[in-house]
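model11.csv (CSV, C-alpha atoms)
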```
chain,number,residue,atom,x,y,z
Q,1,ASP,CA,166.4,146.1,39.0
Q,2,SER,CA,163.7,146.7,36.4
Q,3,GLN,CA,164.5,143.4,34.5
Q,4,GLY,CA,164.1,141.5,37.7
Q,5,GLN,CA,160.8,143.2,38.5
Q,6,THR,CA,159.5,142.4,35.0
Q,7,THR,CA,160.5,138.7,35.5
Q,8,LEU,CA,158.6,138.6,38.8
Q,9,GLU,CA,155.5,140.1,37.3
Q,10,LYS,CA,155.6,137.6,34.4
Q,11,VAL,CA,155.9,134.6,36.8
Q,12,ARG,CA,153.1,135.9,39.0
Q,13,ARG,CA,150.8,136.5,36.0
Q,14,HIS,CA,151.4,133.1,34.4
Q,15,ARG,CA,152.0,131.0,37.5
Q,16,PRO,CA,150.2,132.7,40.3
Q,17,GLY,CA,150.6,129.8,42.8
Q,18,LEU,CA,154.3,129.1,42.2
Q,19,PRO,CA,156.6,129.8,45.1
Q,20,ILE,CA,159.3,132.4,44.3
Q,21,VAL,CA,162.6,132.8,46.0
Q,22,VAL,CA,165.0,135.6,44.8
Q,23,LEU,CA,168.6,134.5,44.8
Q,24,THR,CA,171.0,137.4,44.1
Q,25,GLY,CA,174.4,138.8,44.8
Q,26,LEU,CA,173.0,142.2,45.6
Q,27,ASP,CA,172.8,142.9,49.4
Q,28,ASP,CA,170.2,145.6,49.1
Q,29,GLU,CA,167.4,145.9,51.8
Q,30,ALA,CA,165.2,148.2,49.7
Q,31,LEU,CA,165.4,145.8,46.8
Q,32,ALA,CA,164.5,142.8,49.1
Q,33,VAL,CA,161.4,144.7,50.4
Q,34,GLN,CA,160.4,145.5,46.8
Q,35,ALA,CA,160.9,141.9,45.7
Q,36,VAL,CA,158.6,140.6,48.4
Q,37,ARG,CA,156.0,143.3,47.5
Q,38,GLN,CA,156.3,142.1,43.9
Q,39,GLY,CA,155.3,138.6,45.0
Q,40,ALA,CA,158.5,136.8,46.1
Q,41,GLN,CA,158.2,134.7,49.2
Q,42,ASP,CA,161.9,135.3,50.2
Q,43,TYR,CA,165.1,137.1,49.2
Q,44,LEU,CA,168.5,135.5,49.6
Q,45,VAL,CA,172.0,137.0,49.3
Q,46,LYS,CA,174.5,134.5,47.9
Q,47,ASN,CA,177.4,135.4,50.2
Q,48,ARG,CA,175.2,134.8,53.2
Q,49,LEU,CA,173.8,131.5,52.0
Q,50,ASP,CA,174.3,128.0,53.4
Q,51,SER,CA,172.4,124.7,52.9
Q,52,ASP,CA,170.3,125.0,56.1
Q,53,SER,CA,169.2,128.6,55.4
Q,54,LEU,CA,168.4,127.6,51.8
Q,55,ALA,CA,166.3,124.6,52.9
Q,56,ARG,CA,164.4,126.7,55.5
Q,57,SER,CA,163.8,129.4,52.9
Q,58,LEU,CA,162.4,126.9,50.3
Q,59,ARG,CA,160.1,125.3,53.0
Q,60,TYR,CA,158.9,128.7,54.0
Q,61,ALA,CA,158.4,129.8,50.4
Q,62,VAL,CA,156.3,126.7,49.6
Q,63,GLU,CA,154.2,127.0,52.7
Q,64,ARG,CA,153.6,130.7,52.2
Q,65,ALA,CA,152.7,130.2,48.6
Q,66,ARG,CA,150.3,127.5,49.6
Q,67,ILE,CA,148.6,129.8,52.2
Q,68,GLU,CA,148.5,132.7,49.8
Q,69,ASN,CA,147.0,130.5,47.1
Q,70,GLU,CA,144.3,129.2,49.5
Q,71,LEU,CA,143.6,132.7,50.6
Q,72,ARG,CA,143.2,133.8,47.0
Q,73,GLN,CA,140.9,130.9,46.2
Q,74,SER,CA,138.8,131.6,49.3
Q,75,THR,CA,138.6,135.3,48.4
Q,76,GLU,CA,137.5,134.5,44.9
Q,77,GLN,CA,135.0,131.9,46.1
Q,78,LEU,CA,133.6,134.3,48.7
Q,79,ARG,CA,133.3,137.0,46.0
Q,80,ALA,CA,131.5,134.6,43.7
Q,81,LEU,CA,129.2,133.4,46.5
Q,82,THR,CA,128.3,137.0,47.4
Q,83,GLY,CA,127.4,137.6,43.8
Q,84,HIS,CA,125.4,134.4,43.7
Q,85,LEU,CA,123.5,135.3,46.9
Q,86,GLU,CA,122.7,138.7,45.6
Q,87,ARG,CA,121.3,137.3,42.4
Q,88,ALA,CA,119.3,134.7,44.4
Q,89,ARG,CA,117.9,137.5,46.5
Q,90,GLU,CA,116.8,139.4,43.5
Q,91,GLU,CA,115.3,136.3,41.9
Q,92,GLU,CA,113.4,135.7,45.2
Q,93,ARG,CA,112.2,139.3,45.3
Q,94,THR,CA,111.0,139.0,41.7
Q,95,ARG,CA,109.2,135.7,42.4
Q,96,ILE,CA,107.5,137.1,45.5
Q,97,ALA,CA,106.5,140.3,43.6
Q,98,ARG,CA,105.1,138.2,40.8
Q,99,GLU,CA,103.1,136.0,43.1
Q,100,LEU,CA,101.7,139.0,45.0
Q,101,HIS,CA,100.7,140.6,41.7
Q,102,ASP,CA,99.3,137.4,40.1
Q,103,GLU,CA,97.6,136.0,43.2
Q,104,LEU,CA,96.9,138.7,45.8
Q,105,GLY,CA,96.7,141.6,43.4
Q,106,GLN,CA,94.3,140.0,40.9
Q,107,LYS,CA,92.0,138.7,43.7
Q,108,LEU,CA,91.9,142.1,45.3
Q,109,THR,CA,91.1,143.7,42.0
Q,110,GLY,CA,88.3,141.2,41.5
Q,111,PHE,CA,87.1,141.9,45.0
Q,112,LYS,CA,87.0,145.6,44.4
Q,113,MET,CA,84.9,145.1,41.3
Q,114,ASP,CA,82.5,142.9,43.2
Q,115,VAL,CA,82.2,145.5,46.0
Q,116,SER,CA,81.5,148.2,43.3
Q,117,TRP,CA,78.8,146.0,41.7
Q,118,LEU,CA,77.2,145.4,45.1
Q,119,SER,CA,77.3,149.1,46.0
Q,120,LYS,CA,75.5,150.0,42.8
Q,121,ARG,CA,72.9,147.3,43.1
Q,122,LEU,CA,72.1,148.3,46.7
Q,123,GLY,CA,71.4,151.8,45.5
Q,124,GLU,CA,68.7,150.6,43.1
Q,125,PRO,CA,65.0,150.5,44.2
Q,126,GLN,CA,64.5,146.9,43.1
Q,127,ALA,CA,67.6,145.6,45.1
Q,128,VAL,CA,65.5,144.7,48.1
Q,129,ARG,CA,63.5,142.3,45.9
Q,130,ASP,CA,66.5,140.7,44.3
Q,131,THR,CA,68.1,139.2,47.3
Q,132,ALA,CA,69.1,136.0,45.5
Q,133,SER,CA,71.6,137.7,43.3
Q,134,LEU,CA,72.9,139.8,46.2
Q,135,LEU,CA,73.5,136.7,48.3
Q,136,ALA,CA,75.2,134.8,45.5
Q,137,LYS,CA,77.5,137.7,44.9
Q,138,THR,CA,78.4,138.0,48.7
Q,139,ARG,CA,79.0,134.3,48.8
Q,140,GLY,CA,81.4,134.6,45.9
Q,141,MET,CA,83.2,137.4,47.6
Q,142,VAL,CA,83.6,135.4,50.8
Q,143,ALA,CA,85.1,132.5,48.8
Q,144,MET,CA,87.5,134.9,47.1
Q,145,ILE,CA,88.6,136.2,50.4
Q,146,ASP,CA,89.2,132.7,51.7
Q,147,GLU,CA,91.3,131.9,48.6
Q,148,THR,CA,93.3,135.0,49.1
Q,149,ILE,CA,94.0,134.1,52.7
Q,150,VAL,CA,95.1,130.6,51.8
Q,151,GLY,CA,97.5,132.0,49.1
Q,152,LEU,CA,98.9,134.6,51.4
Q,153,ARG,CA,99.5,132.0,54.2
Q,154,SER,CA,101.2,129.7,51.6
Q,155,LEU,CA,103.6,132.5,50.5
Q,156,ILE,CA,104.4,133.4,54.2
Q,157,SER,CA,105.1,129.7,54.9
Q,158,GLU,CA,107.6,129.5,52.1
Q,159,LEU,CA,109.4,132.5,53.5
Q,160,ARG,CA,109.4,131.2,57.0
Q,161,PRO,CA,107.1,128.5,58.2
Q,162,ALA,CA,105.1,129.4,61.3
Q,163,VAL,CA,105.6,125.9,62.6
Q,164,LEU,CA,109.3,126.6,63.2
Q,165,ASP,CA,108.4,129.5,65.6
Q,166,HIS,CA,105.4,127.9,67.3
Q,167,LEU,CA,106.3,124.2,67.4
Q,168,GLY,CA,110.1,124.1,67.1
Q,169,LEU,CA,112.7,122.5,64.8
Q,170,LEU,CA,111.5,118.9,64.9
Q,171,ALA,CA,108.0,119.8,63.8
Q,172,ALA,CA,109.4,122.2,61.2
Q,173,LEU,CA,111.6,119.4,59.7
Q,174,GLU,CA,108.6,117.0,59.6
Q,175,TRP,CA,106.6,119.7,57.8
Q,176,GLN,CA,109.4,120.4,55.4
Q,177,ALA,CA,109.6,116.7,54.5
Q,178,GLU,CA,105.9,116.6,53.8
Q,179,GLU,CA,106.0,119.8,51.8
Q,180,PHE,CA,109.0,118.6,49.8
Q,181,HIS,CA,107.1,115.4,48.8
Q,182,ARG,CA,104.0,117.4,47.9
Q,183,ARG,CA,105.9,119.8,45.7
Q,184,THR,CA,108.3,117.4,44.0
Q,185,GLY,CA,106.7,114.0,44.2
Q,186,ILE,CA,110.0,112.7,45.7
Q,187,ALA,CA,109.3,110.5,48.7
Q,188,CYS,CA,110.8,112.2,51.8
Q,189,ARG,CA,110.9,110.9,55.3
Q,190,PHE,CA,112.0,112.5,58.5
Q,191,ALA,CA,113.3,110.2,61.2
Q,192,THR,CA,114.4,111.2,64.8
Q,193,SER,CA,114.5,109.7,68.3
Q,194,LEU,CA,114.5,113.2,69.8
Q,195,GLN,CA,111.6,114.7,71.8
Q,196,GLU,CA,113.0,118.2,71.7
Q,197,VAL,CA,116.0,120.2,70.6
Q,198,THR,CA,117.8,122.9,72.6
Q,199,LEU,CA,119.6,124.7,69.9
Q,200,GLY,CA,118.2,128.2,70.3
Q,201,SER,CA,116.2,130.2,67.8
Q,202,THR,CA,119.1,131.2,65.6
Q,203,GLY,CA,120.5,127.7,65.5
Q,204,ALA,CA,117.1,126.1,64.8
Q,205,THR,CA,116.6,128.5,61.9
Q,206,ALA,CA,120.0,127.8,60.5
Q,207,MET,CA,119.5,124.0,60.8
Q,208,PHE,CA,116.1,124.3,59.0
Q,209,ARG,CA,117.8,126.3,56.2
Q,210,ILE,CA,120.6,123.7,55.9
Q,211,VAL,CA,117.9,121.0,55.4
Q,212,GLN,CA,116.1,123.2,53.0
Q,213,GLU,CA,119.2,123.9,50.9
Q,214,ALA,CA,120.1,120.2,50.9
Q,215,LEU,CA,116.7,119.2,49.6
Q,216,THR,CA,117.0,121.9,46.9
Q,217,ASN,CA,120.3,120.4,45.8
Q,218,VAL,CA,118.5,117.0,45.6
Q,219,VAL,CA,115.9,118.3,43.3
Q,220,ARG,CA,118.4,120.1,41.1
Q,221,HIS,CA,121.2,117.5,40.8
Q,222,ALA,CA,120.5,114.1,42.4
Q,223,GLN,CA,117.8,112.6,40.1
Q,224,ALA,CA,116.6,110.8,43.3
Q,225,THR,CA,113.2,109.2,44.0
Q,226,GLU,CA,113.7,108.9,47.8
Q,227,VAL,CA,115.2,111.1,50.5
Q,228,THR,CA,115.6,110.5,54.2
Q,229,ILE,CA,116.4,113.2,56.8
Q,230,ARG,CA,117.7,112.0,60.2
Q,231,LEU,CA,118.4,114.0,63.3
Q,232,ASP,CA,120.2,112.6,66.4
Q,233,GLU,CA,122.3,113.9,69.2
Q,234,ASP,CA,125.2,112.7,71.3
Q,235,GLY,CA,124.8,115.0,74.3
Q,236,LYS,CA,127.2,117.6,72.9
Q,237,GLY,CA,125.6,118.4,69.6
Q,238,LEU,CA,123.2,117.4,66.8
Q,239,GLN,CA,124.0,115.0,64.0
Q,240,LEU,CA,122.1,115.7,60.8
Q,241,ALA,CA,122.1,113.4,57.8
Q,242,VAL,CA,120.3,113.9,54.5
Q,243,GLU,CA,120.5,110.8,52.3
Q,244,ASP,CA,119.1,110.3,48.8
Q,245,ASN,CA,119.1,107.4,46.3
Q,246,GLY,CA,120.2,109.4,43.3
Q,247,LYS,CA,123.1,109.3,40.9
Q,248,GLY,CA,125.7,110.1,43.6
Q,249,ILE,CA,127.8,113.2,43.8
Q,250,THR,CA,131.4,113.0,42.4
Q,251,GLU,CA,134.5,113.9,44.4
Q,252,SER,CA,135.0,117.1,42.4
Q,253,GLU,CA,131.4,118.2,42.9
Q,254,ALA,CA,131.7,117.4,46.6
Q,255,ALA,CA,134.8,119.7,46.9
Q,256,GLY,CA,132.2,122.4,46.3
Q,257,ARG,CA,134.4,125.1,44.8
Q,258,SER,CA,132.0,125.7,41.9
Q,259,SER,CA,128.7,124.7,43.4
Q,260,PHE,CA,127.1,127.6,45.2
Q,261,GLY,CA,124.6,125.3,46.9
Q,262,ILE,CA,127.4,123.3,48.5
Q,263,VAL,CA,129.4,126.4,49.4
Q,264,GLY,CA,126.3,127.9,51.0
Q,265,LEU,CA,125.7,124.7,53.0
Q,266,ARG,CA,129.3,124.7,54.3
Q,267,GLU,CA,129.1,128.4,55.2
Q,268,ARG,CA,125.9,127.8,57.3
Q,269,VAL,CA,127.5,124.9,59.1
Q,270,VAL,CA,130.7,126.9,59.8
Q,271,LEU,CA,128.7,129.7,61.2
Q,272,LEU,CA,127.3,127.2,63.8
Q,273,LYS,CA,130.8,126.1,64.6
Q,274,GLY,CA,130.1,122.7,63.0
Q,275,ARG,CA,131.5,120.5,60.4
Q,276,MET,CA,130.1,118.9,57.3
Q,277,THR,CA,130.9,116.0,55.0
Q,278,LEU,CA,129.4,115.1,51.6
Q,279,ARG,CA,129.9,111.6,50.2
Q,280,GLY,CA,128.5,110.0,47.0
Q,281,CYS,CA,128.4,106.6,45.5
Q,282,PRO,CA,127.9,106.4,41.7
Q,283,GLY,CA,124.3,105.1,41.1
Q,284,GLN,CA,123.6,104.7,44.8
Q,285,GLY,CA,123.1,108.2,46.1
Q,286,THR,CA,124.6,110.9,48.2
Q,287,THR,CA,124.8,111.4,52.0
Q,288,LEU,CA,125.3,114.8,53.5
Q,289,THR,CA,126.2,114.8,57.2
Q,290,ALA,CA,126.5,117.9,59.5
Q,291,TYR,CA,127.5,117.9,63.1
Q,292,ILE,CA,126.4,121.0,65.0
Q,293,PRO,CA,127.6,121.5,68.6
Q,294,PHE,CA,125.1,122.8,71.2
Q,295,PRO,CA,125.6,126.4,72.3
Q,296,LYS,CA,127.4,126.5,75.6
Q,297,GLU,CA,124.5,128.1,77.4
Q,298,ALA,CA,122.2,125.3,76.1
Q,299,ALA,CA,124.7,122.4,77.0
```

Represent the structure from my file as structure tokens, please.
Amino acid sequence: DSQGQTTLEKVRRHRPGLPIVVLTGLDDEALAVQAVRQGAQDYLVKNRLDSDSLARSLRYAVERARIENELRQSTEQLRALTGHLERAREEERTRIARELHDELGQKLTGFKMDVSWLSKRLGEPQAVRDTASLLAKTRGMVAMIDETIVGLRSLISELRPAVLDHLGLLAALEWQAEEFHRRTGIACRFATSLQEVTLGSTGATAMFRIVQEALTNVVRHAQATEVTIRLDEDGKGLQLAVEDNGKGITESEAAGRSSFGIVGLRERVVLLKGRMTLRGCPGQGTTLTAYIPFPKEAA
């Protein structure tokens, strides 16, 4: 009835994860369907009830409520992660646009002014006698072009390092460790006994991004002075470890429900059909480990 529906709605609103079993004397199939739609896990009629069916119903209600709660949390987490990724993309687009404007745009404007100056001077009769100033100007223009090329290559490397495509994952991770140290001042070492990795282009890119995201988390949260990246294999897959000597992640932080960096890492690992663990020791650091199986065609 309407009073029962109101009660169900109140319970769902105030205790969304609580298992609900409706126990009633009304043998009404339509009412049972409506109760389940309102959020009840089961509907029991008193004159059909015995101890075994009640126990089964309660177990079912608890299990279904647990699954529904996990699904709701996953949906909320996915929605939050999607919003975070969209904001991150916009921030990255803004950063790239700013760098293009500040670096490339300003240099090209300066280069245009130099070309205009050179064009005017070459049109003057005395220009052929003033070769020194013309040569100085052209040398300055060449230097400006070189600076522009360096800046553009740096920006391209940040988006996707060429070493990943040309030399592979191992060289890219070594480059990443060196770049991380150069940018942050945090000592970073890459260690591996491997000579090559047969993970495929997609897998290699994902593994590189996992390390990149892990190092970003170190900068933001770990307060570390040293980081070690290790990569090994067991014949069936790759074992990655990123270890720092920072403050150590807590159990609640490692759960990763509110940390988009950790959530993003887990999602990348899951997409590669792998598994990830994150362990911290207070005052001694954090270790991230990820196991990525080789693709079947590469095994």

For this session: For atom CA of Leu240 of chain Q and atom CA of Val197 of chain Q, determine how far apart the two atoms are, in Å to one decimal place.
Result: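 Calculated distance between atom CA of Leu240 of chain Q and atom CA of Val197 of chain Q is 12.4 Å.
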
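Straight-line separation from atom CA of Gly235 of chain Q to atom CA of Thr286 of chain Q: 26.4 Å.
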
Problem set entry | Nearest to Ala214 of chain Q, chosen from Q:Ala143, Q:Leu167, Q:Ala290, Q:Leu272, with all atoms listed in the file counted in the distances | Q:Ala290

Problem set entry | segment 105-110 of chain Q environment, 7 Å, only C-alpha atoms, sequence neighbours closer than 4 positions dropped, as a PyMOL selection string | chain Q and resi 100-101+114+144+148

Which residues are close to Asp232 of chain Q, i.e. within 10 Å by only C-alpha atoms, leaving aside same-chain residues fewer than 3 positions away? Reply as a short mmCIF file (atom, residue, chain, number, x, y, z; two decimals) with C-alpha atoms, in the frame of the given file.
```cif
data_model
loop_
_atom_site.label_atom_id
_atom_site.label_comp_id
_atom_site.auth_asym_id
_atom_site.auth_seq_id
_atom_site.Cartn_x
_atom_site.Cartn_y
_atom_site.Cartn_z
CA ALA Q 191 113.30 110.20 61.20
CA THR Q 192 114.40 111.20 64.80
CA SER Q 193 114.50 109.70 68.30
CA LEU Q 194 114.50 113.20 69.80
CA VAL Q 197 116.00 120.20 70.60
CA GLY Q 235 124.80 115.00 74.30
CA GLY Q 237 125.60 118.40 69.60
CA LEU Q 238 123.20 117.40 66.80
CA GLN Q 239 124.00 115.00 64.00
CA LEU Q 240 122.10 115.70 60.80
CA ALA Q 241 122.10 113.40 57.80
CA TYR Q 291 127.50 117.90 63.10
#
```

Problem set entry | Nearest-residue call for Ser201 of chain Q, choices Q:Lys137, Q:Arg230, Q:His166, Q:His221, using all atoms listed in the file | Q:His166

Exercise. Could you work out how far atom CA of Ala97 of chain Q lies from atom CA of Arg182 of chain Q, giving the answer in Å with one decimal?
Worked result: 23.4 Å

For this session: Excluding Leu159 of chain Q and any residue of its chain fewer than 5 positions from it, enumerate the residues within 10 Å of it, using only C-alpha atoms, and give them as a list in words.
Result: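 In the requested form, the answer reads Glu92, Ile96, Arg153 and Ser154 of chain Q.
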
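Residue nearest Leu169 of chain Q, chosen from Q:Leu134, Q:Leu155, Q:Met207, Q:Leu122 and counting all atoms listed in the file: Q:Met207.
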
Problem set entry | Spatial neighbours of Lys236 of chain Q, max dist 9 Å, all atoms listed in the file, sep filter under 5 positions, as a list in words |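 The residues that qualify are Ile292, Pro293, Phe294, Pro295 and Ala299 of chain Q.
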
For this session: Quick one: residues within 10 Å of (117.4, 109.4, 55.9) (file frame), counting all atoms listed in the file, please, as a PyMOL selection string.
Result: chain Q and resi 188-192+226-231+240-245+287-288

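Protein and nucleic acid residues near (76.8, 143.9, 49.1) are Asp114, Val115, Ser116, Trp117, Leu118, Ser119, Lys120, Arg121, Leu122, Ser133, Leu134, Leu135, Ala136, Lys137, Thr138, Arg139 and Met141 of chain Q, the criterion being any atom at most 10 Å away using all atoms listed in the file.
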
Exercise. Which one is closest to Thr205 of chain Q: Q:Arg183, Q:Arg268, Q:Arg220, Q:Arg89? Count all atoms listed in the file.
Worked result: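 Among Q:Arg183, Q:Arg268, Q:Arg220, Q:Arg89, it is Q:Arg268 that comes nearest to Thr205 of chain Q.
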
For this session: Could you give me, as a list in words, the residues within 9 Å of Glu213 of chain Q, counting only C-alpha atoms and dropping anything in the same chain fewer than 5 positions from it?
Result: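 The filter keeps Phe208, Val218, Gly261, Ile262, Gly264 and Leu265 of chain Q.
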
Problem set entry | Pick from Q:Arg56, Q:Lys296, Q:Arg98, Q:Arg160 nearest to Arg209 of chain Q, counting all atoms listed in the file |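 Counting all atoms listed in the file, the residue closest to Arg209 of chain Q is Q:Arg160.
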